[in-house]
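What follows is start.cif (mmCIF, C-alpha atoms and all ligand atoms).
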data_upload
loop_
_atom_site.label_atom_id
_atom_site.label_comp_id
_atom_site.auth_asym_id
_atom_site.auth_seq_id
_atom_site.Cartn_x
_atom_site.Cartn_y
_atom_site.Cartn_z
CA MET A 1 18.22 -2.40 63.62
CA SER A 2 19.38 -5.57 65.27
CA TYR A 3 17.40 -8.64 66.18
CA PRO A 4 18.97 -9.95 69.39
CA ASP A 5 16.20 -12.35 70.36
CA LEU A 6 15.62 -13.86 66.92
CA SER A 7 17.04 -17.25 67.89
CA ASP A 8 14.66 -17.45 70.86
CA ARG A 9 11.72 -16.52 68.68
CA ILE A 10 12.66 -19.14 66.12
CA ARG A 11 12.92 -21.76 68.85
CA GLU A 12 9.42 -20.90 70.12
CA VAL A 13 7.98 -20.94 66.60
CA ARG A 14 9.66 -24.28 65.88
CA GLU A 15 8.12 -25.79 69.01
CA LYS A 16 4.69 -24.58 67.98
CA ILE A 17 5.19 -25.94 64.48
CA ASP A 18 6.28 -29.34 65.80
CA ALA A 19 3.23 -29.50 68.08
CA ALA A 20 0.95 -28.48 65.20
CA VAL A 21 2.38 -31.19 62.94
CA LYS A 22 1.56 -33.75 65.65
CA ARG A 23 -1.99 -32.45 66.09
CA GLY A 24 -2.60 -32.31 62.36
CA GLY A 25 -1.34 -35.79 61.60
CA HIS A 26 0.01 -34.99 58.13
CA GLY A 27 3.57 -35.88 59.16
CA GLN A 28 5.10 -33.26 56.88
CA SER A 29 8.33 -31.39 57.41
CA VAL A 30 7.98 -27.62 57.57
CA THR A 31 10.37 -24.95 56.33
CA ILE A 32 10.27 -21.45 57.78
CA VAL A 33 10.48 -18.75 55.12
CA ALA A 34 11.59 -15.59 56.93
CA VAL A 35 9.70 -12.67 55.39
CA THR A 36 12.06 -9.70 55.51
CA LYS A 37 10.03 -7.12 53.55
CA THR A 38 10.46 -3.57 54.90
CA HIS A 39 13.33 -4.75 57.12
CA GLY A 40 16.87 -3.78 56.27
CA PRO A 41 19.75 -6.05 55.36
CA ASP A 42 20.44 -6.60 59.08
CA ALA A 43 17.38 -8.82 59.21
CA LEU A 44 18.97 -11.06 56.58
CA ALA A 45 22.21 -11.32 58.50
CA ALA A 46 20.27 -12.08 61.68
CA ALA A 47 18.23 -14.76 59.94
CA TRP A 48 21.37 -16.32 58.51
CA ASN A 49 23.15 -16.28 61.87
CA ALA A 50 20.13 -17.87 63.52
CA GLY A 51 20.28 -20.73 61.04
CA LEU A 52 17.49 -19.80 58.64
CA ARG A 53 18.27 -20.28 54.97
CA ASP A 54 14.98 -19.35 53.27
CA VAL A 55 13.87 -15.73 53.00
CA GLY A 56 10.82 -14.23 51.34
CA GLU A 57 10.11 -10.86 49.78
CA ASN A 58 6.92 -9.75 48.11
CA ARG A 59 8.49 -7.18 45.80
CA VAL A 60 11.10 -7.97 43.18
CA GLN A 61 13.03 -4.72 43.42
CA GLU A 62 13.28 -4.80 47.20
CA ALA A 63 14.61 -8.35 47.01
CA LEU A 64 17.17 -7.50 44.32
CA ASP A 65 18.44 -4.53 46.35
CA LYS A 66 18.98 -6.75 49.39
CA MET A 67 20.61 -9.53 47.38
CA ASP A 68 23.20 -7.03 46.24
CA VAL A 69 23.96 -5.81 49.74
CA ARG A 70 24.01 -9.22 51.35
CA PRO A 71 25.50 -11.90 49.14
CA LEU A 72 24.75 -14.67 51.61
CA GLN A 73 23.86 -18.09 50.31
CA LEU A 74 20.20 -17.65 51.11
CA ARG A 75 17.32 -19.15 49.13
CA TRP A 76 15.12 -16.30 47.96
CA HIS A 77 11.38 -16.85 47.70
CA LEU A 78 9.24 -14.43 45.74
CA ILE A 79 5.90 -14.41 47.56
CA GLY A 80 4.10 -11.38 46.10
CA THR A 81 2.41 -10.52 42.84
CA LEU A 82 4.76 -10.58 39.86
CA GLN A 83 4.33 -8.28 36.88
CA ARG A 84 4.91 -10.02 33.61
CA ASN A 85 7.64 -7.55 32.60
CA LYS A 86 9.68 -8.64 35.63
CA VAL A 87 9.84 -12.38 34.96
CA LYS A 88 13.44 -11.99 33.77
CA HIS A 89 14.49 -11.51 37.41
CA LEU A 90 13.32 -15.00 38.32
CA THR A 91 16.82 -16.31 37.68
CA ARG A 92 17.73 -14.86 41.09
CA PHE A 93 14.99 -16.69 42.99
CA HIS A 94 14.72 -20.19 44.40
CA LEU A 95 10.92 -20.44 44.26
CA LEU A 96 8.11 -18.30 42.89
CA HIS A 97 5.08 -18.69 45.18
CA SER A 98 2.62 -16.67 43.22
CA ILE A 99 1.58 -17.90 39.79
CA ASP A 100 -1.89 -16.43 40.22
CA ARG A 101 -3.22 -16.27 36.65
CA PRO A 102 -2.82 -18.07 33.31
CA GLN A 103 -1.12 -15.07 31.66
CA LEU A 104 1.62 -15.11 34.28
CA ALA A 105 2.12 -18.85 33.82
CA ASP A 106 2.57 -18.20 30.11
CA ALA A 107 5.06 -15.38 30.72
CA VAL A 108 7.09 -17.52 33.14
CA GLN A 109 7.08 -20.35 30.61
CA ALA A 110 8.34 -18.01 27.89
CA HIS A 111 11.11 -16.75 30.17
CA GLY A 112 12.09 -20.31 31.11
CA ALA A 113 12.21 -21.39 27.49
CA ALA A 114 14.22 -18.33 26.43
CA THR A 115 16.80 -18.86 29.17
CA ASP A 116 16.78 -22.65 28.91
CA ARG A 117 15.91 -23.24 32.53
CA VAL A 118 13.07 -24.74 34.50
CA VAL A 119 11.46 -22.37 36.99
CA ASP A 120 10.22 -23.81 40.28
CA ALA A 121 6.87 -22.28 41.14
CA LEU A 122 3.69 -22.66 43.15
CA LEU A 123 0.17 -22.07 41.95
CA GLN A 124 -1.53 -19.41 44.08
CA VAL A 125 -5.15 -20.14 44.90
CA ASN A 126 -7.75 -17.75 46.26
CA VAL A 127 -9.97 -20.23 48.01
CA VAL A 128 -12.74 -17.93 49.25
CA GLY A 129 -12.67 -15.52 46.32
CA GLU A 130 -11.35 -12.49 48.18
CA GLU A 131 -11.45 -9.53 45.80
CA SER A 132 -8.41 -7.87 47.33
CA LYS A 133 -6.15 -10.85 46.64
CA GLY A 134 -4.89 -12.55 43.55
CA GLY A 135 -4.96 -16.22 42.82
CA TYR A 136 -6.74 -18.84 40.79
CA ASP A 137 -10.11 -19.79 42.02
CA PRO A 138 -9.99 -23.51 42.79
CA ALA A 139 -12.31 -24.43 39.92
CA ALA A 140 -10.16 -22.41 37.50
CA ALA A 141 -7.05 -24.12 38.85
CA ALA A 142 -8.64 -27.51 38.24
CA ALA A 143 -9.64 -26.45 34.73
CA ASP A 144 -6.13 -25.18 33.89
CA ALA A 145 -4.15 -27.94 35.65
CA SER A 146 -3.77 -30.22 32.67
CA ARG A 147 -2.78 -27.41 30.28
CA LEU A 148 -0.16 -26.30 32.83
CA THR A 149 1.59 -29.67 32.51
CA SER A 150 2.45 -28.67 28.94
CA LEU A 151 4.49 -25.70 30.18
CA LYS A 152 7.76 -27.60 30.26
CA ASN A 153 9.87 -24.77 31.63
CA ILE A 154 7.84 -24.53 34.83
CA ARG A 155 8.00 -27.16 37.52
CA PHE A 156 4.89 -26.78 39.67
CA ARG A 157 6.01 -27.68 43.18
CA GLY A 158 2.65 -27.17 44.84
CA VAL A 159 0.19 -24.54 45.96
CA MET A 160 0.30 -21.26 47.87
CA THR A 161 -2.57 -19.46 49.54
CA MET A 162 -3.23 -16.50 51.80
CA ALA A 163 -6.09 -16.62 54.25
CA PRO A 164 -8.30 -13.59 54.90
CA LEU A 165 -7.06 -11.45 57.79
CA ASP A 166 -8.98 -11.95 61.02
CA ALA A 167 -10.92 -14.93 59.71
CA ASP A 168 -12.40 -17.29 62.27
CA GLU A 169 -11.02 -20.78 62.73
CA PRO A 170 -13.57 -22.63 60.54
CA THR A 171 -12.86 -20.23 57.67
CA LEU A 172 -9.10 -20.58 58.08
CA ARG A 173 -9.37 -24.35 58.08
CA ALA A 174 -11.58 -24.27 54.99
CA VAL A 175 -9.05 -22.07 53.17
CA PHE A 176 -6.08 -24.23 54.09
CA ALA A 177 -7.89 -27.49 53.34
CA GLY A 178 -8.99 -25.97 50.02
CA ALA A 179 -5.37 -25.25 49.11
CA ARG A 180 -4.45 -28.81 50.04
CA ALA A 181 -7.23 -30.11 47.80
CA THR A 182 -5.90 -28.02 44.91
CA ARG A 183 -2.46 -29.53 45.41
CA GLU A 184 -4.05 -32.98 45.05
CA THR A 185 -5.82 -31.76 41.92
CA LEU A 186 -2.46 -30.73 40.46
CA ARG A 187 -0.95 -34.09 41.30
CA ALA A 188 -3.87 -35.93 39.76
CA ALA A 189 -3.43 -33.85 36.59
CA GLY A 190 0.17 -35.01 36.28
CA HIS A 191 2.21 -32.52 38.31
CA ALA A 192 4.15 -35.25 40.10
CA GLY A 193 6.41 -32.77 41.88
CA ALA A 194 3.57 -30.85 43.50
CA THR A 195 4.38 -31.66 47.12
CA GLU A 196 4.55 -28.23 48.74
CA LEU A 197 1.89 -26.19 50.50
CA SER A 198 2.91 -22.58 51.21
CA MET A 199 0.43 -21.28 53.75
CA GLY A 200 0.41 -19.71 57.16
CA MET A 201 1.60 -16.27 58.27
CA SER A 202 2.31 -14.92 61.74
CA GLY A 203 -1.34 -14.93 62.80
CA ASP A 204 -2.42 -18.30 61.46
CA TYR A 205 0.59 -20.54 60.90
CA GLU A 206 -0.28 -23.09 63.58
CA LEU A 207 -3.61 -23.86 61.94
CA ALA A 208 -1.96 -23.90 58.53
CA VAL A 209 0.56 -26.47 59.74
CA GLU A 210 -2.24 -28.57 61.23
CA GLU A 211 -3.77 -28.54 57.75
CA GLY A 212 -0.54 -29.64 56.09
CA ALA A 213 1.60 -26.54 55.37
CA THR A 214 5.16 -27.36 54.31
CA LEU A 215 6.32 -23.74 53.94
CA VAL A 216 5.24 -21.08 56.43
CA ARG A 217 5.88 -17.43 55.54
CA LEU A 218 6.67 -15.57 58.75
CA GLY A 219 7.48 -11.89 59.18
CA THR A 220 6.06 -10.23 62.27
CA VAL A 221 6.45 -13.16 64.64
CA LEU A 222 10.19 -13.25 63.86
CA PHE A 223 11.19 -9.64 63.30
CA GLY A 224 8.50 -7.63 65.09
CA ALA A 225 5.92 -5.29 63.62
CA ARG A 226 6.67 -3.63 60.29
CA THR A 227 6.90 0.15 60.51
C1 LIG B 301 4.02 -9.98 54.44
C2 LIG B 301 3.68 -11.33 53.99
C3 LIG B 301 3.78 -12.44 54.86
C4 LIG B 301 4.22 -12.34 56.30
O1 LIG B 301 3.25 -11.73 57.10
P1 LIG B 301 3.35 -11.72 58.70
O2 LIG B 301 1.94 -11.62 59.13
O3 LIG B 301 4.17 -10.53 59.06
O4 LIG B 301 3.99 -12.99 59.14
C5 LIG B 301 3.47 -13.69 54.35
N1 LIG B 301 3.07 -13.86 53.07
C6 LIG B 301 2.96 -12.82 52.22
C7 LIG B 301 2.50 -13.09 50.82
C8 LIG B 301 3.25 -11.53 52.65
O5 LIG B 301 3.13 -10.52 51.77
#
Any chance you could give the structure as structure tokens?
Amino acid sequence: MSYPDLSDRIREVREKIDAAVKRGGHGQSVTIVAVTKTHGPDALAAAWNAGLRDVGENRVQEALDKMDVRPLQLRWHLIGTLQRNKVKHLTRFHLLHSIDRPQLADAVQAHGAATDRVVDALLQVNVVGEESKGGYDPAAAAADASRLTSLKNIRFRGVMTMAPLDADEPTLRAVFAGARATRETLRAAGHAGATELSMGMSGDYELAVEEGATLVRLGTVLFGART
């Protein structure tokens, strides 16, 4: 498959993001993470040629396969659930968005210590307690925040969340503002580098940006529907 109008789509999305930053008043800069899951390596080449440098995959193996086919200097974001037995693959990723439970934090810490590196990661929060999604509940995140500062091989860069599909605007705003509040909780607990907010997908990124998103994870709006 080819993606001939990707540059136009990115331009439109960028305009909407810029307008949303103005409306929201948070003054942040926003990075587009192009979510290429289910799309072939052509999507990566198209993203690269259109000037994007950040790509996201929700499954480790799919990402690794594409990295091998396309050795472009892209920054790979892991945005989906990570099994503890796969933490060794984190060396290939720029940012892990989905530390969603204390056991995973511990496994990432052990991997970082064993390989003598510091892993950049986000804490995933499940603001409205959706059963179908992972993530710390905000109270649990607050309770664990101070302990997490002792995990010296993880650098918590902020918070990630996913809003419920088809939620109304007040619910979306509550979810995104809740994620922002958890980021402030992390900072107050001593995570000085927690500046990022990964939130917003194709259907809700404008609201997410109004609420302060710094990383938007976009698939469909860039590459079309997944088959
Ligand atoms: C698939 C996926 C996205 C992108 O979804 P779109 O609605 O296609 O933009 C974003 N975040 C995560 C975690 C995903 O799994």
Would you please work out which residue, of A:Gly135, A:Pro164, A:Gly56, A:Gly112, is nearest to ligand LIG 301 (chain B) when using only C-alpha atoms and all ligand atoms?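 Distance minimum relative to ligand LIG 301 (chain B) lands on A:Gly56.
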All residues 6 Å or closer to range 117-129 of chain A, all atoms listed in the file, same chain fewer than 3 positions away omitted, as a PyMOL selection string: chain A and resi 95-100+112+135-137+153-161+175
Could you write out as JSON the box around ligand LIG 301 (chain B) (axis-aligned, all atoms listed in the file, 4 Å on each side), with centre and edge lengths in Å to one decimal?
{"center_x": 3.1, "center_y": -11.9, "center_z": 55.0, "size_x": 10.3, "size_y": 11.9, "size_z": 16.3}
Spatial neighbours of Thr115 in chain A, 10 Å, only C-alpha atoms, chain gap at least 6 places, as a ChimeraX atom specification: /A:88,91,109,153
Hey, can you spit out that residue selection with C-alpha atoms as a PDB file, in the coordinates of the input?
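What ended up in out.pdb:
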ATOM      1  CA  LYS A  88      13.440 -11.990  33.770  1.00  0.00           C
ATOM      2  CA  THR A  91      16.820 -16.310  37.680  1.00  0.00           C
ATOM      3  CA  GLN A 109       7.080 -20.350  30.610  1.00  0.00           C
ATOM      4  CA  ASN A 153       9.870 -24.770  31.630  1.00  0.00           C
TER       5      ASN A 153
END
Nearest to His77 in chain A, chosen from A:Leu215, A:Leu151, A:Ala188, A:Leu197, with all atoms listed in the file counted in the distances: A:Leu215
Record the distance separating CA of Ala174 in chain A and CA of Pro102 in chain A, expressed in Å with one decimal.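 Separating CA of Ala174 in chain A from CA of Pro102 in chain A is a distance of 24.2 Å.
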With distances taken over all atoms listed in the file, the candidate from A:Arg101, A:Lys86, A:Arg14, A:Arg59 nearest ligand LIG 301 (chain B) is A:Arg59
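You can rank A:Glu184, A:Asp168, A:Glu57, A:Asp8 by their closest distance to ligand LIG 301 (chain B) using all atoms listed in the file, and at the top of that list sits A:Glu57.
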Selection as a ChimeraX atom specification: residues within 9 Å of ligand LIG 301 (chain B) by all atoms listed in the file: /A:33-37,56-59,78-81,97-98,160-162,198-205,216-226
Leaving out Gly27 in chain A and any residue of its chain fewer than 2 positions from it, which residues lie within 10 Å of it when counting all atoms listed in the file, given as a CSV table (one decimal) with C-alpha atoms, in the frame of the given file?
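Okay, this is what ended up in out_34.csv:
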chain,number,residue,atom,x,y,z
A,18,ASP,CA,6.3,-29.3,65.8
A,20,ALA,CA,1.0,-28.5,65.2
A,21,VAL,CA,2.4,-31.2,62.9
A,22,LYS,CA,1.6,-33.8,65.6
A,23,ARG,CA,-2.0,-32.4,66.1
A,24,GLY,CA,-2.6,-32.3,62.4
A,25,GLY,CA,-1.3,-35.8,61.6
A,29,SER,CA,8.3,-31.4,57.4
A,30,VAL,CA,8.0,-27.6,57.6
A,209,VAL,CA,0.6,-26.5,59.7
A,210,GLU,CA,-2.2,-28.6,61.2
A,212,GLY,CA,-0.5,-29.6,56.1
A,214,THR,CA,5.2,-27.4,54.3
Separation of CA of Ala114 in chain A from CA of Arg147 in chain A, in Å and rounded to one decimal: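 So the two atoms, CA of Ala114 in chain A and CA of Arg147 in chain A, lie 19.7 Å apart.
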Pairwise distance for CA of Ala50 in chain A and CA of Ser7 in chain A, rounded to one decimal in Å: 5.4 Å
Restricting to all atoms listed in the file, whichever of A:Glu211, A:Leu64, A:Gln83, A:Lys16 is closest to Phe176 in chain A is A:Glu211
Could you check the closest approach to Phe93 in chain A for each of A:Thr185, A:Gln73, A:Ser150, A:Ser2 and tell me which residue wins, using only C-alpha atoms? A:Gln73
Contacts of Ala189 in chain A within 10 Å, only C-alpha atoms, excl. fewer than 6 positions in-chain, as a PyMOL selection string: chain A and resi 142-149+183
